[in-house]
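Participant: Pasting in a structure now, in structure tokens, and then I'll have a few things to ask.
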Amino acid sequence: MSLLIQDLHATLEDGTEILKGVSLEIPKGEVHAIMGPNGSGKSTLSKVIAGHEGYVVTGGSVTLDGEDVFGWSIDERSRAGIFLAFQYPSEVPGVSNANFIRAALQARLPQGQEIDAVAYYKNLYSKMDILEIDRKFTARAVNEGFSGGEKKRNEILQLMMLEPTFAILDETDSGLDIDALKIVAKGVNAMRSPDRGFLLITHYQRLLDHIAPDYVHVMAEGRIVRSGGPELALELEKEGYEFLKSPESA
Ligand code: ADP
Ligand code: MG
């Protein structure tokens, strides 16, 4: 049981190749981190998996538990349990946070079955308490006027409520102060489970001080160029991405 990415190639709509053969297997129960310089294709990888517009898959495959992810619409991917928290979460004006999450949960229920409102709010509030999110927050429109930290906490709240099989968190640490980062990490760590895989995308090591990954991969110029254990993240923090420029990696 895993998310399996095999020799994935993808371009922008104008034909510019961004992903140049990415291969990666993330079994359920594991947390994999992808690090790498800006512009290396990390966000493109996550968006291609989630099914965002603007990218064309030109080769390779992504399967979830053996099923072809590219055969599914964005909505089907989400219902199959793939969750993507955005690097720059978008605003959904006019839809409250509480209703947004409720609608997403409702969409997964069989026809005719309704979410129990009392149980829903009880669950929502208990997760909000873990993430230290104010109760007023439920009535506010999704991401509207949120600070960077609030948006990130909201993403983790969605993660905790939707309980995906597979979560991709793209730069969930960017723009967070250390306290907010710890709260976000607490939420993610609470969601770690043998039934759930995580892909954490981050430019910096600091998130990985709080969410210990099982494996670390380095992406550069549209490929995974190195993989290792958690020590690789520490090494990158010290040495930077200079090694990517050395002749043997060319
Ligand atoms: P990373 O997340 O590693 O910083 P990205 O996946 O965001 O990298 O970007 C990889 C490359 O693709 C960059 O050169 C970026 O400018 C380009 N790119 C990605 N998405 C788009 C887009 N929608 N339009 C134009 N260029 C894009
Ligand atoms: Mg990015």
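Lettering and numbering for the structure tokens are positional, with chains as A, B, ... in the shown order, residues counted from 1 in each chain, and ligands counted from 1 in the shown order.
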Would you list the contacts of Thr138 (chain A) as a VMD selection string, taking every protein, DNA or RNA residue within 10 Å and counting only C-alpha atoms, but skipping same-chain residues closer than 6 positions in sequence?
Facilitator: chain A and resid 96 to 101 121 124 to 125 128
Participant: Go ahead and dump the residues you just picked, N, CA and C atoms, as a PDB file, in the first residue's frame.
Facilitator:
ATOM      1  N   SER A  96     -17.761  29.866   4.763  1.00  0.00           N
ATOM      2  CA  SER A  96     -17.103  29.832   6.070  1.00  0.00           C
ATOM      3  C   SER A  96     -16.237  28.585   6.193  1.00  0.00           C
ATOM      4  N   ASN A  97     -15.251  28.686   7.046  1.00  0.00           N
ATOM      5  CA  ASN A  97     -14.360  27.553   7.296  1.00  0.00           C
ATOM      6  C   ASN A  97     -15.120  26.304   7.697  1.00  0.00           C
ATOM      7  N   ALA A  98     -16.061  26.501   8.624  1.00  0.00           N
ATOM      8  CA  ALA A  98     -16.798  25.352   9.143  1.00  0.00           C
ATOM      9  C   ALA A  98     -17.602  24.688   8.032  1.00  0.00           C
ATOM     10  N   ASN A  99     -18.220  25.508   7.171  1.00  0.00           N
ATOM     11  CA  ASN A  99     -19.033  24.927   6.096  1.00  0.00           C
ATOM     12  C   ASN A  99     -18.177  24.309   4.994  1.00  0.00           C
ATOM     13  N   PHE A 100     -17.022  24.892   4.789  1.00  0.00           N
ATOM     14  CA  PHE A 100     -16.113  24.373   3.767  1.00  0.00           C
ATOM     15  C   PHE A 100     -15.669  22.939   4.116  1.00  0.00           C
ATOM     16  N   ILE A 101     -15.254  22.760   5.343  1.00  0.00           N
ATOM     17  CA  ILE A 101     -14.785  21.439   5.773  1.00  0.00           C
ATOM     18  C   ILE A 101     -15.960  20.447   5.820  1.00  0.00           C
ATOM     19  N   TYR A 121     -19.431  19.378  14.904  1.00  0.00           N
ATOM     20  CA  TYR A 121     -18.847  20.513  15.623  1.00  0.00           C
ATOM     21  C   TYR A 121     -18.007  20.074  16.818  1.00  0.00           C
ATOM     22  N   LEU A 124     -14.794  19.072  15.250  1.00  0.00           N
ATOM     23  CA  LEU A 124     -14.098  20.270  14.754  1.00  0.00           C
ATOM     24  C   LEU A 124     -13.452  21.047  15.905  1.00  0.00           C
ATOM     25  N   TYR A 125     -14.230  21.258  16.973  1.00  0.00           N
ATOM     26  CA  TYR A 125     -13.705  22.030  18.106  1.00  0.00           C
ATOM     27  C   TYR A 125     -12.550  21.306  18.797  1.00  0.00           C
ATOM     28  N   MET A 128      -9.594  21.937  16.691  1.00  0.00           N
ATOM     29  CA  MET A 128      -9.200  23.348  16.800  1.00  0.00           C
ATOM     30  C   MET A 128      -8.458  23.603  18.101  1.00  0.00           C
TER      31      MET A 128
END
Participant: Please extract the residues at most 7 Å from ligand 1, counting only C-alpha atoms and all ligand atoms, and provide them as a list of chain:residue names, using the chain letters and residue numbers of this document.
Facilitator: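 Result of the 7 Å neighbour search around ligand 1: A:Leu12, A:Ile18, A:Gly36, A:Pro37, A:Asn38, A:Gly39, A:Ser40, A:Gly41, A:Lys42, A:Ser43, A:Thr44, A:Leu45, A:Gly54.
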Participant: Put those residues in a file: C-alpha atoms, as a PDB file, in the first residue's frame.
Facilitator:
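What landed in selection.pdb:
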ATOM      1  CA  LEU A  12       3.868  23.504 -18.488  1.00  0.00           C
ATOM      2  CA  ILE A  18       9.604  20.837 -15.358  1.00  0.00           C
ATOM      3  CA  GLY A  36      15.715  21.218  -2.744  1.00  0.00           C
ATOM      4  CA  PRO A  37      16.531  24.612  -4.179  1.00  0.00           C
ATOM      5  CA  ASN A  38      13.758  26.986  -5.258  1.00  0.00           C
ATOM      6  CA  GLY A  39      12.522  26.283  -8.746  1.00  0.00           C
ATOM      7  CA  SER A  40      13.513  22.616  -8.722  1.00  0.00           C
ATOM      8  CA  GLY A  41       9.937  21.417  -9.325  1.00  0.00           C
ATOM      9  CA  LYS A  42       8.789  20.470  -5.801  1.00  0.00           C
ATOM     10  CA  SER A  43       5.490  22.355  -5.979  1.00  0.00           C
ATOM     11  CA  THR A  44       4.947  21.200  -9.554  1.00  0.00           C
ATOM     12  CA  LEU A  45       5.248  17.595  -8.370  1.00  0.00           C
ATOM     13  CA  GLY A  54      -1.668  24.162 -16.079  1.00  0.00           C
TER      14      GLY A  54
END
Participant: Extract, using only C-alpha atoms, all DNA, RNA and protein residues at most 7 Å from region 223-225 of chain A, discarding same-chain residues fewer than 5 positions from it, and format them as an NGL selection string.
Facilitator: :A and (19-22 or 217-218)
Participant: Dump C-alpha atoms for the selected residues as an mmCIF file, in the first residue's frame?
Facilitator:
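So the final result, stored in again-v6.cif, reads:
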data_model
loop_
_atom_site.group_PDB
_atom_site.id
_atom_site.type_symbol
_atom_site.label_atom_id
_atom_site.label_comp_id
_atom_site.auth_asym_id
_atom_site.auth_seq_id
_atom_site.Cartn_x
_atom_site.Cartn_y
_atom_site.Cartn_z
ATOM 1 C CA LEU A 19 9.534 17.245 -14.089
ATOM 2 C CA LYS A 20 12.179 15.187 -15.834
ATOM 3 C CA GLY A 21 11.688 11.679 -14.543
ATOM 4 C CA VAL A 22 10.723 11.633 -10.852
ATOM 5 C CA HIS A 217 14.949 13.250 -0.845
ATOM 6 C CA VAL A 218 16.626 16.103 -2.648
#
Participant: As a VMD selection string, please: the residues near Lys28 (chain A) (cut-off 9 Å, only C-alpha atoms, same-chain neighbours under 3 positions excluded).
Facilitator: chain A and resid 1 to 3 31 165 to 166 193 to 198
Participant: Considering only C-alpha atoms, return as a list in words whatever protein or nucleic-acid residues lie within 7 Å of region 144-154 of chain A, sequence-local ones (same chain, fewer than 6 positions apart) excluded.
Facilitator: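 Non-adjacent residues within range: Pro89, Glu91, Val92, Pro93, Leu131, Thr172, Gly175, Leu176, Ala180 and Val184 of chain A.
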Participant: Could you please take those selected residues and save all heavy atoms as a PDB file, in the first residue's frame?
Facilitator:
ATOM      1  N   PRO A  89      -2.134  29.037   0.082  1.00  0.00           N
ATOM      2  CA  PRO A  89      -3.549  28.636   0.124  1.00  0.00           C
ATOM      3  C   PRO A  89      -4.429  29.743  -0.459  1.00  0.00           C
ATOM      4  O   PRO A  89      -4.198  30.915  -0.209  1.00  0.00           O
ATOM      5  CB  PRO A  89      -3.823  28.459   1.615  1.00  0.00           C
ATOM      6  CG  PRO A  89      -2.479  28.390   2.261  1.00  0.00           C
ATOM      7  CD  PRO A  89      -1.548  29.171   1.415  1.00  0.00           C
ATOM      8  N   GLU A  91      -8.031  31.837  -1.285  1.00  0.00           N
ATOM      9  CA  GLU A  91      -9.187  32.285  -0.520  1.00  0.00           C
ATOM     10  C   GLU A  91     -10.461  31.764  -1.172  1.00  0.00           C
ATOM     11  O   GLU A  91     -10.528  31.622  -2.378  1.00  0.00           O
ATOM     12  CB  GLU A  91      -9.203  33.811  -0.465  1.00  0.00           C
ATOM     13  CG  GLU A  91      -7.942  34.358   0.187  1.00  0.00           C
ATOM     14  CD  GLU A  91      -7.983  35.866   0.414  1.00  0.00           C
ATOM     15  OE1 GLU A  91      -8.979  36.491   0.032  1.00  0.00           O
ATOM     16  OE2 GLU A  91      -7.005  36.379   0.978  1.00  0.00           O
ATOM     17  N   VAL A  92     -11.436  31.453  -0.341  1.00  0.00           N
ATOM     18  CA  VAL A  92     -12.734  31.021  -0.860  1.00  0.00           C
ATOM     19  C   VAL A  92     -13.766  31.978  -0.273  1.00  0.00           C
ATOM     20  O   VAL A  92     -14.367  31.699   0.754  1.00  0.00           O
ATOM     21  CB  VAL A  92     -13.050  29.561  -0.449  1.00  0.00           C
ATOM     22  CG1 VAL A  92     -14.313  29.066  -1.158  1.00  0.00           C
ATOM     23  CG2 VAL A  92     -11.875  28.634  -0.745  1.00  0.00           C
ATOM     24  N   PRO A  93     -13.956  33.136  -0.919  1.00  0.00           N
ATOM     25  CA  PRO A  93     -14.803  34.170  -0.330  1.00  0.00           C
ATOM     26  C   PRO A  93     -16.237  33.689  -0.162  1.00  0.00           C
ATOM     27  O   PRO A  93     -16.755  32.964  -1.015  1.00  0.00           O
ATOM     28  CB  PRO A  93     -14.760  35.314  -1.353  1.00  0.00           C
ATOM     29  CG  PRO A  93     -13.722  34.950  -2.350  1.00  0.00           C
ATOM     30  CD  PRO A  93     -13.472  33.483  -2.255  1.00  0.00           C
ATOM     31  N   LEU A 131      -4.915  22.651  17.791  1.00  0.00           N
ATOM     32  CA  LEU A 131      -4.169  23.606  16.970  1.00  0.00           C
ATOM     33  C   LEU A 131      -4.224  25.042  17.509  1.00  0.00           C
ATOM     34  O   LEU A 131      -3.735  25.968  16.875  1.00  0.00           O
ATOM     35  CB  LEU A 131      -4.699  23.564  15.526  1.00  0.00           C
ATOM     36  CG  LEU A 131      -4.532  22.218  14.824  1.00  0.00           C
ATOM     37  CD1 LEU A 131      -5.258  22.202  13.482  1.00  0.00           C
ATOM     38  CD2 LEU A 131      -3.054  21.885  14.617  1.00  0.00           C
ATOM     39  N   THR A 172       4.654  23.971   4.281  1.00  0.00           N
ATOM     40  CA  THR A 172       3.747  24.253   5.391  1.00  0.00           C
ATOM     41  C   THR A 172       4.442  25.091   6.463  1.00  0.00           C
ATOM     42  O   THR A 172       3.796  25.690   7.309  1.00  0.00           O
ATOM     43  CB  THR A 172       3.247  22.914   5.984  1.00  0.00           C
ATOM     44  OG1 THR A 172       2.524  22.272   4.950  1.00  0.00           O
ATOM     45  CG2 THR A 172       2.346  23.088   7.166  1.00  0.00           C
ATOM     46  N   GLY A 175       6.711  31.079   6.447  1.00  0.00           N
ATOM     47  CA  GLY A 175       5.972  32.167   7.068  1.00  0.00           C
ATOM     48  C   GLY A 175       5.472  31.883   8.474  1.00  0.00           C
ATOM     49  O   GLY A 175       4.665  32.628   8.999  1.00  0.00           O
ATOM     50  N   LEU A 176       5.934  30.790   9.084  1.00  0.00           N
ATOM     51  CA  LEU A 176       5.498  30.495  10.452  1.00  0.00           C
ATOM     52  C   LEU A 176       6.568  30.884  11.460  1.00  0.00           C
ATOM     53  O   LEU A 176       7.745  30.615  11.248  1.00  0.00           O
ATOM     54  CB  LEU A 176       5.227  28.994  10.610  1.00  0.00           C
ATOM     55  CG  LEU A 176       4.037  28.394   9.859  1.00  0.00           C
ATOM     56  CD1 LEU A 176       3.914  26.914  10.203  1.00  0.00           C
ATOM     57  CD2 LEU A 176       2.762  29.130  10.211  1.00  0.00           C
ATOM     58  N   ALA A 180       4.034  28.816  16.082  1.00  0.00           N
ATOM     59  CA  ALA A 180       3.059  28.317  15.108  1.00  0.00           C
ATOM     60  C   ALA A 180       3.588  27.046  14.437  1.00  0.00           C
ATOM     61  O   ALA A 180       2.846  26.102  14.192  1.00  0.00           O
ATOM     62  CB  ALA A 180       2.757  29.379  14.068  1.00  0.00           C
ATOM     63  N   VAL A 184       1.729  23.422  14.271  1.00  0.00           N
ATOM     64  CA  VAL A 184       1.508  22.725  13.008  1.00  0.00           C
ATOM     65  C   VAL A 184       2.115  21.317  13.081  1.00  0.00           C
ATOM     66  O   VAL A 184       1.494  20.325  12.692  1.00  0.00           O
ATOM     67  CB  VAL A 184       2.103  23.543  11.841  1.00  0.00           C
ATOM     68  CG1 VAL A 184       2.340  22.683  10.621  1.00  0.00           C
ATOM     69  CG2 VAL A 184       1.174  24.705  11.488  1.00  0.00           C
TER      70      VAL A 184
END
Participant: Might you pull out every residue within 8 Å of region 233-240 of chain A, with only C-alpha atoms counted and same-chain residues fewer than 5 positions away left off, and present them as a list in words?
Facilitator: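 The residues that qualify are Met35, Tyr204, Gln205, Leu208 and Val216 of chain A.
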Participant: Those selected residues, please, written with N, CA and C atoms and delivered as a short mmCIF file (atom, residue, chain, number, x, y, z; two decimals), in the first residue's frame.
Facilitator:
data_model
loop_
_atom_site.label_atom_id
_atom_site.label_comp_id
_atom_site.auth_asym_id
_atom_site.auth_seq_id
_atom_site.Cartn_x
_atom_site.Cartn_y
_atom_site.Cartn_z
N MET A 35 13.30 18.00 -0.17
CA MET A 35 13.94 19.30 -0.03
C MET A 35 14.54 19.66 -1.38
N TYR A 204 13.65 24.31 3.88
CA TYR A 204 14.53 24.37 5.05
C TYR A 204 14.38 23.16 5.95
N GLN A 205 15.39 22.93 6.73
CA GLN A 205 15.43 21.80 7.65
C GLN A 205 14.50 21.99 8.86
N LEU A 208 11.65 19.85 9.89
CA LEU A 208 12.03 18.45 10.14
C LEU A 208 12.63 18.26 11.53
N VAL A 216 14.48 11.30 3.45
CA VAL A 216 14.65 12.65 2.89
C VAL A 216 15.15 12.51 1.46
#
Participant: Neighbouring residues of Ile130 (chain A) were defined as those with any atom within 9 Å, considering only C-alpha atoms; residues of the same chain fewer than 5 positions away were excluded. Please report them as a list in words.
Facilitator: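 Those residues are Tyr125, Ile183, Lys186 and Gly187 of chain A.
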Participant: Counting only C-alpha atoms, which of A:Val188, A:Ile201, A:Val142, A:Ile74 gets nearest to Glu163 (chain A)?
Facilitator: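 Result for the nearest residue to Glu163 (chain A): A:Val188.
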Participant: Taking the backbone alone, and naming residues the way the document does, which bits of region 46-162 of chain A are helix (DSSP H, G or I) by DSSP, as a VMD selection string?
Facilitator: chain A and resid 46 to 50 69 to 71 74 to 79 97 to 106 117 to 130 135 to 139 148 to 162
Participant: Can you pull out every residue from region 59-190 of chain A that DSSP, working from the backbone, puts in strand (DSSP E), and format the result as an MDAnalysis selection string?
Facilitator: chainID A and resid 59:64 67:68 82:85 92:96 141:142 166:170
Participant: Using only C-alpha atoms and all ligand atoms, which of the listed residues (A:Glu155, A:Glu231, A:Asp170, A:Asp214) sits closest to ligand 2?
Facilitator: A:Asp170
